[in-house]
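**Q** So that you have it, the file is protein-v1.cif, and it contains mmCIF, C-alpha atoms (C1' of nucleotides):
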data_run
loop_
_atom_site.label_atom_id
_atom_site.label_comp_id
_atom_site.auth_asym_id
_atom_site.auth_seq_id
_atom_site.Cartn_x
_atom_site.Cartn_y
_atom_site.Cartn_z
CA MET L 1 23.48 19.15 58.03
CA VAL L 2 21.95 20.43 54.78
CA GLU L 3 22.09 24.02 56.03
CA GLN L 4 25.74 23.56 56.85
CA VAL L 5 26.40 22.24 53.35
CA ILE L 6 24.71 25.22 51.73
CA GLU L 7 26.43 27.63 54.09
CA THR L 8 29.83 26.20 53.19
CA LEU L 9 29.11 26.48 49.48
CA LYS L 10 27.92 30.07 49.82
CA LYS L 11 30.89 31.01 51.97
CA ASN L 12 33.11 29.86 49.13
CA GLN L 13 31.11 31.67 46.46
CA LEU L 14 30.06 28.46 44.76
CA SER L 15 26.69 28.12 43.12
CA ILE L 16 24.41 25.61 44.79
CA THR L 17 24.03 22.56 42.59
CA ASP L 18 22.83 19.03 43.24
CA SER L 19 26.24 17.45 42.76
CA ARG L 20 28.01 19.87 45.07
CA LYS L 21 25.39 19.48 47.76
CA THR L 22 25.39 15.70 47.56
CA ILE L 23 29.16 15.27 47.44
CA LEU L 24 29.87 17.77 50.21
CA GLN L 25 27.27 16.09 52.39
CA LEU L 26 28.95 12.75 51.74
CA PHE L 27 32.20 14.15 53.11
CA MET L 28 30.48 15.57 56.17
CA GLN L 29 28.83 12.24 56.92
CA SER L 30 31.99 10.23 56.41
CA ASP L 31 34.57 9.83 59.15
CA GLY L 32 37.29 8.82 56.72
CA ALA L 33 38.68 10.09 53.49
CA LEU L 34 36.97 9.35 50.18
CA ALA L 35 38.40 8.34 46.85
CA HIS L 36 36.69 9.15 43.59
CA MET L 37 35.38 5.61 43.47
CA ASP L 38 33.80 5.83 46.92
CA ILE L 39 31.84 8.83 45.77
CA GLU L 40 30.80 7.21 42.53
CA ASN L 41 29.59 4.16 44.43
CA ASN L 42 27.69 6.24 46.97
CA THR L 43 25.88 8.39 44.48
CA GLY L 44 24.95 5.68 42.02
CA GLU L 45 24.14 6.87 38.55
CA GLU L 46 23.17 10.27 39.80
CA PHE L 47 26.20 12.14 38.44
CA ASP L 48 28.60 11.77 35.59
CA ARG L 49 32.17 10.68 36.35
CA VAL L 50 33.42 13.93 34.94
CA THR L 51 31.15 15.98 37.19
CA ILE L 52 32.56 14.22 40.24
CA TYR L 53 36.12 14.89 39.13
CA ARG L 54 35.32 18.53 38.53
CA THR L 55 33.44 18.94 41.78
CA LEU L 56 36.34 17.47 43.72
CA GLN L 57 38.79 19.74 41.94
CA THR L 58 36.62 22.75 42.71
CA PHE L 59 36.48 21.83 46.39
CA VAL L 60 40.26 21.41 46.50
CA ASP L 61 40.75 24.79 44.82
CA LYS L 62 38.46 26.44 47.34
CA GLY L 63 40.14 24.78 50.29
CA ILE L 64 37.09 22.77 51.29
CA ILE L 65 38.83 19.41 50.95
CA HIS L 66 42.46 18.35 50.64
CA THR L 67 44.16 15.47 48.89
CA ILE L 68 45.97 12.64 50.61
CA PRO L 69 48.83 10.96 48.78
CA SER L 70 49.03 7.20 48.76
CA SER L 71 51.15 4.48 47.32
CA ASP L 72 48.24 2.65 45.75
CA ASN L 73 47.78 5.22 43.06
CA ALA L 74 44.34 6.48 44.00
CA ILE L 75 44.00 10.00 45.32
CA ARG L 76 41.85 10.34 48.42
CA TYR L 77 40.12 13.47 49.65
CA ALA L 78 39.09 14.64 53.10
CA LEU L 79 37.44 17.71 54.56
CA CYS L 80 39.71 20.51 55.58
CA LYS L 81 39.40 22.04 59.01
CA ASP L 82 38.48 25.69 59.30
CA ALA L 83 42.02 26.98 58.95
CA CYS L 84 42.12 26.15 55.23
CA SER L 85 41.45 28.98 52.85
CA GLU L 86 41.33 29.30 49.09
CA GLY L 87 44.62 28.23 47.53
CA HIS L 88 46.25 27.74 50.91
CA HIS L 89 45.87 24.47 52.75
CA HIS L 90 46.81 23.99 56.35
CA ASP L 91 46.40 20.24 56.51
CA ASN L 92 49.35 19.90 58.79
CA HIS L 93 48.19 16.67 60.34
CA ILE L 94 49.09 13.10 59.57
CA HIS L 95 46.97 10.58 57.72
CA PHE L 96 46.42 6.99 58.63
CA MET L 97 45.45 4.26 56.19
CA CYS L 98 44.20 1.00 57.63
CA ASP L 99 45.64 -2.01 55.85
CA TYR L 100 42.65 -4.14 56.83
CA CYS L 101 39.48 -2.10 56.30
CA GLY L 102 41.02 0.41 53.90
CA THR L 103 39.69 3.44 55.76
CA THR L 104 41.80 6.58 55.61
CA TYR L 105 41.70 8.79 58.70
CA CYS L 106 42.79 12.34 59.30
CA LEU L 107 44.50 12.26 62.66
CA ASP L 108 43.91 15.93 63.30
CA HIS L 109 45.59 15.95 66.66
CA VAL L 110 48.84 14.39 65.52
CA GLN L 111 51.00 17.16 64.11
CA VAL L 112 53.56 16.57 61.40
CA PRO L 113 56.96 17.00 63.05
CA THR L 114 59.32 19.60 61.66
CA LEU L 115 62.41 18.16 60.07
CA GLN L 116 65.98 19.30 59.78
CA LEU L 117 66.63 19.12 56.04
CA PRO L 118 70.07 19.03 54.42
CA GLY L 119 71.52 22.35 53.30
CA GLY L 120 69.83 23.90 50.29
CA PHE L 121 66.55 22.05 50.66
CA LEU L 122 63.53 24.20 51.46
CA ALA L 123 60.30 22.53 52.54
CA ALA L 124 57.01 23.96 51.34
CA ARG L 125 54.76 21.11 52.33
CA THR L 126 55.04 17.80 54.12
CA ASP L 127 52.84 14.76 53.60
CA MET L 128 52.94 12.03 56.16
CA VAL L 129 50.94 8.86 55.75
CA VAL L 130 51.07 6.10 58.33
CA SER L 131 49.61 2.71 57.54
CA GLY L 132 48.82 -0.18 59.82
CA SER L 133 45.74 -1.30 61.73
CA CYS L 134 43.16 1.20 62.95
CA ASN L 135 41.31 1.39 66.23
CA ARG L 136 38.39 -0.59 64.86
CA CYS L 137 40.37 -3.42 63.25
CA ASN L 138 42.93 -3.73 66.03
CA GLN L 139 40.92 -4.88 69.00
CA MET O 1 79.07 -0.06 37.03
CA VAL O 2 78.05 -2.95 34.80
CA GLU O 3 79.73 -5.45 37.13
CA GLN O 4 77.84 -4.00 40.04
CA VAL O 5 74.58 -4.36 38.13
CA ILE O 6 75.23 -8.02 37.36
CA GLU O 7 76.40 -8.68 40.88
CA THR O 8 73.19 -7.22 42.29
CA LEU O 9 71.05 -9.30 39.97
CA LYS O 10 72.93 -12.48 40.84
CA LYS O 11 72.77 -11.75 44.55
CA ASN O 12 68.99 -11.65 44.22
CA GLN O 13 68.79 -14.82 42.15
CA LEU O 14 67.50 -13.02 39.09
CA SER O 15 68.43 -14.11 35.62
CA ILE O 16 70.50 -11.58 33.72
CA THR O 17 68.42 -10.05 30.97
CA ASP O 18 68.82 -6.94 28.88
CA SER O 19 65.90 -5.12 30.44
CA ARG O 20 67.00 -5.83 33.99
CA LYS O 21 70.56 -4.77 33.28
CA THR O 22 69.51 -1.57 31.52
CA ILE O 23 66.86 -0.53 34.04
CA LEU O 24 68.98 -1.29 37.09
CA GLN O 25 71.86 0.66 35.57
CA LEU O 26 69.50 3.58 35.01
CA PHE O 27 68.70 3.62 38.71
CA MET O 28 72.38 3.46 39.66
CA GLN O 29 73.21 6.35 37.37
CA SER O 30 70.33 8.48 38.56
CA ASP O 31 70.56 10.51 41.73
CA GLY O 32 66.79 10.84 42.04
CA ALA O 33 63.83 8.53 41.90
CA LEU O 34 62.40 7.35 38.59
CA ALA O 35 58.82 6.99 37.46
CA HIS O 36 57.77 4.47 34.87
CA MET O 37 57.71 7.25 32.29
CA ASP O 38 61.30 8.32 33.01
CA ILE O 39 62.43 4.79 32.29
CA GLU O 40 60.38 4.51 29.14
CA ASN O 41 61.82 7.80 27.91
CA ASN O 42 65.38 6.78 28.73
CA THR O 43 65.25 3.41 27.05
CA GLY O 44 63.42 4.45 23.90
CA GLU O 45 61.73 1.66 22.02
CA GLU O 46 64.07 -0.89 23.48
CA PHE O 47 61.57 -2.54 25.82
CA ASP O 48 57.86 -3.07 25.94
CA ARG O 49 55.84 -1.09 28.45
CA VAL O 50 54.77 -4.31 30.10
CA THR O 51 58.35 -5.49 30.50
CA ILE O 52 59.23 -2.28 32.32
CA TYR O 53 56.28 -2.68 34.69
CA ARG O 54 57.21 -6.27 35.37
CA THR O 55 60.87 -5.50 35.86
CA LEU O 56 60.03 -2.75 38.35
CA GLN O 57 57.70 -5.09 40.22
CA THR O 58 60.39 -7.76 40.35
CA PHE O 59 62.90 -5.28 41.74
CA VAL O 60 60.42 -4.15 44.38
CA ASP O 61 59.69 -7.75 45.36
CA LYS O 62 63.39 -8.47 45.71
CA GLY O 63 64.04 -5.37 47.76
CA ILE O 64 66.26 -3.75 45.16
CA ILE O 65 64.08 -0.66 44.78
CA HIS O 66 61.23 0.82 46.80
CA THR O 67 58.19 2.86 45.87
CA ILE O 68 57.61 6.46 46.83
CA PRO O 69 54.03 7.66 47.21
CA SER O 70 53.05 10.97 45.74
CA SER O 71 50.01 13.13 45.36
CA ASP O 72 50.34 13.41 41.59
CA ASN O 73 49.30 9.85 41.08
CA ALA O 74 52.48 8.52 39.54
CA ILE O 75 54.45 5.97 41.50
CA ARG O 76 58.17 6.63 41.68
CA TYR O 77 60.92 4.13 42.43
CA ALA O 78 64.34 4.51 43.99
CA LEU O 79 67.19 2.20 44.89
CA CYS O 80 67.09 0.69 48.33
CA LYS O 81 70.10 0.88 50.56
CA ASP O 82 71.75 -2.35 51.66
CA ALA O 83 69.48 -2.91 54.62
CA CYS O 84 66.55 -3.87 52.39
CA SER O 85 65.94 -7.55 51.89
CA GLU O 86 63.40 -9.57 49.99
CA GLY O 87 59.89 -8.76 51.11
CA HIS O 88 61.08 -6.46 53.84
CA HIS O 89 61.89 -2.86 53.06
CA HIS O 90 63.76 -0.61 55.42
CA ASP O 91 63.25 2.64 53.57
CA ASN O 92 62.90 4.50 56.77
CA HIS O 93 64.08 7.80 55.33
CA ILE O 94 62.15 10.73 54.01
CA HIS O 95 61.65 11.66 50.37
CA PHE O 96 61.87 15.09 48.87
CA MET O 97 60.12 16.17 45.67
CA CYS O 98 61.27 19.41 44.08
CA ASP O 99 58.37 21.51 42.88
CA TYR O 100 60.56 23.20 40.26
CA CYS O 101 62.67 20.54 38.58
CA GLY O 102 60.48 17.59 39.55
CA THR O 103 63.36 15.51 40.90
CA THR O 104 62.58 13.15 43.74
CA TYR O 105 65.39 12.59 46.23
CA CYS O 106 65.89 9.98 48.91
CA LEU O 107 67.19 11.92 51.89
CA ASP O 108 68.86 8.89 53.40
CA HIS O 109 70.19 10.73 56.39
CA VAL O 110 66.88 12.21 57.49
CA GLN O 111 65.05 9.62 59.54
CA VAL O 112 61.30 9.44 59.73
CA PRO O 113 60.40 10.51 63.27
CA THR O 114 58.38 8.16 65.44
CA LEU O 115 54.90 9.38 66.24
CA GLN O 116 52.60 9.05 69.17
CA LEU O 117 49.40 7.70 67.63
CA PRO O 118 45.97 7.82 69.24
CA GLY O 119 44.90 4.74 71.20
CA GLY O 120 44.12 1.70 69.09
CA PHE O 121 46.13 2.75 66.07
CA LEU O 122 49.12 0.57 65.27
CA ALA O 123 51.67 1.80 62.73
CA ALA O 124 53.21 -0.71 60.36
CA ARG O 125 54.84 1.72 57.96
CA THR O 126 55.27 5.46 57.61
CA ASP O 127 55.69 7.40 54.38
CA MET O 128 56.91 10.94 54.57
CA VAL O 129 57.25 13.10 51.49
CA VAL O 130 58.43 16.68 51.71
CA SER O 131 58.05 18.98 48.74
CA GLY O 132 59.61 22.36 48.09
CA SER O 133 62.75 23.55 46.32
CA CYS O 134 65.85 21.39 46.17
CA ASN O 135 69.49 22.31 46.60
CA ARG O 136 69.95 22.85 42.88
CA CYS O 137 66.86 24.97 42.25
CA ASN O 138 67.15 26.98 45.46
CA GLN O 139 70.36 28.94 44.98
"C1'" DA F 1 74.22 -28.12 21.88
"C1'" DC F 2 70.11 -29.42 24.38
"C1'" DC F 3 66.44 -29.01 27.57
"C1'" DA F 4 63.63 -26.99 31.24
"C1'" DC F 5 62.21 -22.90 32.90
"C1'" DA F 6 61.89 -17.92 33.21
"C1'" DT F 7 61.21 -13.75 30.72
"C1'" DT F 8 59.54 -10.96 26.96
"C1'" DG F 9 56.32 -8.93 23.55
"C1'" DC F 10 51.86 -8.62 21.88
"C1'" DA F 11 47.02 -7.96 22.22
"C1'" DA F 12 43.46 -6.92 24.87
"C1'" DC F 13 41.56 -5.18 28.83
"C1'" DA F 14 40.89 -2.28 33.18
"C1'" DT F 15 41.14 1.88 35.81
"C1'" DA F 16 42.13 6.84 36.48
"C1'" DG F 17 41.86 11.27 34.86
"C1'" DT F 18 41.38 15.21 31.17
"C1'" DT F 19 39.41 18.22 27.43
"C1'" DG F 20 36.05 20.45 24.13
"C1'" DC F 21 31.59 21.53 23.38
"C1'" DA F 22 26.63 21.79 23.30
"C1'" DA F 23 22.69 21.43 26.53
"C1'" DA F 24 20.86 22.39 30.98
"C1'" DA F 25 20.70 24.66 35.27
"C1'" DA F 26 21.96 28.66 38.49
"C1'" DA F 27 22.54 33.29 39.39
"C1'" DT F 28 21.57 37.90 38.12
"C1'" DA F 29 19.08 41.65 36.00
"C1'" DA F 30 14.90 43.64 34.39
"C1'" DT C 1 8.08 36.52 37.22
"C1'" DT C 2 10.38 36.42 33.24
"C1'" DA C 3 14.49 37.27 30.49
"C1'" DT C 4 19.41 37.26 30.16
"C1'" DT C 5 23.95 36.08 31.46
"C1'" DT C 6 27.01 33.00 33.50
"C1'" DT C 7 28.18 28.70 35.40
"C1'" DT C 8 27.81 23.92 35.55
"C1'" DT C 9 26.71 19.48 33.65
"C1'" DG C 10 26.71 15.40 30.54
"C1'" DC C 11 28.43 13.29 26.60
"C1'" DA C 12 32.00 11.69 23.63
"C1'" DA C 13 36.47 11.11 22.83
"C1'" DC C 14 41.01 10.90 24.34
"C1'" DT C 15 45.44 10.26 27.25
"C1'" DA C 16 47.88 8.06 30.89
"C1'" DT C 17 48.63 4.27 33.91
"C1'" DG C 18 48.61 -0.37 35.03
"C1'" DT C 19 47.25 -5.57 34.52
"C1'" DT C 20 46.52 -10.33 32.51
"C1'" DG C 21 46.87 -14.43 29.34
"C1'" DC C 22 49.46 -16.58 26.08
"C1'" DA C 23 52.66 -17.75 22.47
"C1'" DA C 24 57.45 -16.82 21.26
"C1'" DT C 25 61.96 -15.97 22.73
"C1'" DG C 26 65.97 -15.94 25.76
"C1'" DT C 27 68.58 -17.68 29.95
"C1'" DG C 28 70.80 -20.97 32.99
"C1'" DG C 29 72.25 -25.60 33.86
"C1'" DT C 30 73.65 -30.18 32.03
#
Spit out the file's structure as structure tokens when you get a sec.
**A**
Amino acid sequence: MVEQVIETLKKNQLSITDSRKTILQLFMQSDGALAHMDIENNTGEEFDRVTIYRTLQTFVDKGIIHTIPSSDNAIRYALCKDACSEGHHHDNHIHFMCDYCGTTYCLDHVQVPTLQLPGGFLAARTDMVVSGSCNRCNQ
Amino acid sequence: MVEQVIETLKKNQLSITDSRKTILQLFMQSDGALAHMDIENNTGEEFDRVTIYRTLQTFVDKGIIHTIPSSDNAIRYALCKDACSEGHHHDNHIHFMCDYCGTTYCLDHVQVPTLQLPGGFLAARTDMVVSGSCNRCNQ
DNA sequence: ACCACATTGCAACATAGTTGCAAAAAATAA
DNA sequence: TTATTTTTTGCAACTATGTTGCAATGTGGT
């Protein structure tokens, strides 16, 4: 896992620092999306708040993670699949937020449907977030 | 317009106050969605920040307006169509955010498509936000 | 006009995110 | 390996966003 973390950082021409290693590893271990708070809680006092914000922003810029919009006013982040490159995200899948456990999933195999927009509207990006109960809470 | 504002407030058993009248009228005059800031800017020093937050929350609770999620971490609000009732929103349409002018539109005639979710996932609500260039910026 | 109740404004607090800058740590060169 | 350059980090301070308790004010009903 650690080699994969370092490989990813090198591939994106990022210098190898403790915060980047730790935070990227957190994403690789996690099956859901992470909010800033989740990371702060998981790393303890190890890193400054500002460092976490900047690390996340760097990862988004490099196409390593992508943001997930939500109505609760807290941006979540999740790993991008291979198709994402610097400055160009291909996160064309839907996101699922569980109302009960709060986990946010990337449903990579559910594609965002293409829409017929009214005349004059040009789509550049589509975000689709479904909420409800997930496969662990709904048994 | 003013009669319609008062009628709507009465229909929802809300007392008629200056802030409610002014803010609801703002929504009726606006063709796009409004963020808290838009309202604060449009009403000047007339109302306290807290009053605006509480008024918006009241309107959401009553089903007069609905929230629109976004990735820029600022909740937007737009008028609900008639089908919305207290505690039960039917905002089953997509939203469009223009990257150039910043306007958020409710595309009432574009329905959110139904998705086939993986086993165990149950959808309660779907938010779909398309961004790109709108019919005024894209000419 | 009066009374009961709902709403507002204020102060204070809580959370989320940003910016400038000096210190520390990586990467690079010698 | 050490020295130098460049990047990254931590701190402090700040802005934006949103919430809560409470006293003062306004609204609706009699």
**Q** CA of Ser15 (chain L) to C1' of DG17 (chain F): how many Å, to one decimal?
**A**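 Going from CA of Ser15 (chain L) over to C1' of DG17 (chain F), I get 24.1 Å.
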**Q** Using the chain letters and residue numbers of this document, give as a list of chain:residue names the residues selected by the PyMOL selection byres ((chain L) within 9 of (chain C)).
**A**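 So the PyMOL selection byres ((chain L) within 9 of (chain C)) ends up selecting L:Ser15, L:Thr17, L:Phe47, L:Asp48, L:Val50, L:Thr51.
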**Q** Do you know which residues the PyMOL selection byres ((chain L and resi 1) around 9) returns on this file, as a PyMOL selection string?
**A** chain L and resi 2-6+25+28-29
**Q** What is the distance, in Å and to one decimal place, between CA of Leu56 (chain L) and CA of Lys11 (chain L)?
**A** 16.8 Å
**Q** List the residues selected by the PyMOL selection byres ((chain F) within 12 of (chain L)) in the file shown, writing them as an mmCIF file with C-alpha atoms (C1' of nucleotides), in the frame of the given file.
**A**
data_model
loop_
_atom_site.group_PDB
_atom_site.id
_atom_site.type_symbol
_atom_site.label_atom_id
_atom_site.label_comp_id
_atom_site.auth_asym_id
_atom_site.auth_seq_id
_atom_site.Cartn_x
_atom_site.Cartn_y
_atom_site.Cartn_z
ATOM 1 C "C1'" DT F 15 41.140 1.880 35.810
ATOM 2 C "C1'" DA F 16 42.130 6.840 36.480
ATOM 3 C "C1'" DG F 17 41.860 11.270 34.860
ATOM 4 C "C1'" DT F 18 41.380 15.210 31.170
ATOM 5 C "C1'" DT F 19 39.410 18.220 27.430
ATOM 6 C "C1'" DA F 25 20.700 24.660 35.270
ATOM 7 C "C1'" DA F 26 21.960 28.660 38.490
ATOM 8 C "C1'" DA F 27 22.540 33.290 39.390
#
**Q** Just need the residues of chain O within 8 Å of chain L, counting only C-alpha atoms, so spit them out as a PyMOL selection string.
**A** chain O and resi 67-75+110+113+115-117+119-136+138-139
**Q** List the neighbours of Leu79 (chain L) out to 10 Å using only C-alpha atoms (C1' of nucleotides); skip same-chain residues closer than 6 positions along the sequence, and give me the result as a PyMOL selection string.
**A** chain L and resi 24+27-28+30-34+59-60+63-67+91+106
**Q** Mind giving me the straight-line distance from CA of Thr43 (chain L) to CA of Tyr100 (chain L) in Å, one decimal?
**A**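 Separation of CA of Thr43 (chain L) and CA of Tyr100 (chain L): 24.3 Å.
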**Q** Using all atoms of region 12-17 of chain C that appear in the file, construct an axis-aligned enclosing box with 3 Å of padding on every side and provide its centre coordinates and edge lengths in Å, rounded to one decimal, as JSON.
**A**
{"center_x": 40.3, "center_y": 8.0, "center_z": 28.4, "size_x": 22.6, "size_y": 13.4, "size_z": 17.1}
**Q** Mind completing region 115-132 of chain L with N, CA and C atoms? Output as a PDB file, keeping the file's coordinate frame, please?
**A**
ATOM      1  N   LEU L 115      61.186  18.903  60.332  1.00  0.00           N
ATOM      2  CA  LEU L 115      62.410  18.160  60.070  1.00  0.00           C
ATOM      3  C   LEU L 115      63.586  19.100  59.849  1.00  0.00           C
ATOM      4  N   GLN L 116      64.750  18.597  60.123  1.00  0.00           N
ATOM      5  CA  GLN L 116      65.980  19.300  59.780  1.00  0.00           C
ATOM      6  C   GLN L 116      66.449  18.761  58.427  1.00  0.00           C
ATOM      7  N   LEU L 117      66.256  19.572  57.370  1.00  0.00           N
ATOM      8  CA  LEU L 117      66.630  19.120  56.040  1.00  0.00           C
ATOM      9  C   LEU L 117      68.087  19.457  55.746  1.00  0.00           C
ATOM     10  N   PRO L 118      68.687  18.719  54.818  1.00  0.00           N
ATOM     11  CA  PRO L 118      70.070  19.030  54.420  1.00  0.00           C
ATOM     12  C   PRO L 118      70.145  20.428  53.821  1.00  0.00           C
ATOM     13  N   GLY L 119      71.332  20.994  53.792  1.00  0.00           N
ATOM     14  CA  GLY L 119      71.520  22.350  53.300  1.00  0.00           C
ATOM     15  C   GLY L 119      71.020  22.528  51.873  1.00  0.00           C
ATOM     16  N   GLY L 120      70.298  23.602  51.633  1.00  0.00           N
ATOM     17  CA  GLY L 120      69.830  23.900  50.290  1.00  0.00           C
ATOM     18  C   GLY L 120      68.427  23.409  50.011  1.00  0.00           C
ATOM     19  N   PHE L 121      67.917  22.535  50.857  1.00  0.00           N
ATOM     20  CA  PHE L 121      66.550  22.050  50.660  1.00  0.00           C
ATOM     21  C   PHE L 121      65.579  22.897  51.478  1.00  0.00           C
ATOM     22  N   LEU L 122      64.536  23.377  50.790  1.00  0.00           N
ATOM     23  CA  LEU L 122      63.530  24.200  51.460  1.00  0.00           C
ATOM     24  C   LEU L 122      62.179  23.511  51.391  1.00  0.00           C
ATOM     25  N   ALA L 123      61.583  23.237  52.518  1.00  0.00           N
ATOM     26  CA  ALA L 123      60.300  22.530  52.540  1.00  0.00           C
ATOM     27  C   ALA L 123      59.151  23.509  52.354  1.00  0.00           C
ATOM     28  N   ALA L 124      58.220  23.155  51.492  1.00  0.00           N
ATOM     29  CA  ALA L 124      57.010  23.960  51.340  1.00  0.00           C
ATOM     30  C   ALA L 124      55.819  23.224  51.927  1.00  0.00           C
ATOM     31  N   ARG L 125      55.898  21.920  51.894  1.00  0.00           N
ATOM     32  CA  ARG L 125      54.760  21.110  52.330  1.00  0.00           C
ATOM     33  C   ARG L 125      55.249  19.724  52.698  1.00  0.00           C
ATOM     34  N   THR L 126      54.633  19.128  53.681  1.00  0.00           N
ATOM     35  CA  THR L 126      55.040  17.800  54.120  1.00  0.00           C
ATOM     36  C   THR L 126      53.821  16.884  54.177  1.00  0.00           C
ATOM     37  N   ASP L 127      53.911  15.760  53.530  1.00  0.00           N
ATOM     38  CA  ASP L 127      52.840  14.760  53.600  1.00  0.00           C
ATOM     39  C   ASP L 127      53.338  13.569  54.397  1.00  0.00           C
ATOM     40  N   MET L 128      52.545  13.163  55.341  1.00  0.00           N
ATOM     41  CA  MET L 128      52.940  12.030  56.160  1.00  0.00           C
ATOM     42  C   MET L 128      51.770  11.060  56.245  1.00  0.00           C
ATOM     43  N   VAL L 129      51.983   9.866  55.752  1.00  0.00           N
ATOM     44  CA  VAL L 129      50.940   8.860  55.750  1.00  0.00           C
ATOM     45  C   VAL L 129      51.434   7.626  56.487  1.00  0.00           C
ATOM     46  N   VAL L 130      50.729   7.281  57.551  1.00  0.00           N
ATOM     47  CA  VAL L 130      51.070   6.100  58.330  1.00  0.00           C
ATOM     48  C   VAL L 130      50.073   5.003  57.959  1.00  0.00           C
ATOM     49  N   SER L 131      50.547   3.795  57.777  1.00  0.00           N
ATOM     50  CA  SER L 131      49.610   2.710  57.540  1.00  0.00           C
ATOM     51  C   SER L 131      49.815   1.622  58.592  1.00  0.00           C
ATOM     52  N   GLY L 132      48.796   0.861  58.798  1.00  0.00           N
ATOM     53  CA  GLY L 132      48.820  -0.180  59.820  1.00  0.00           C
ATOM     54  C   GLY L 132      47.404  -0.606  60.134  1.00  0.00           C
TER      55      GLY L 132
END
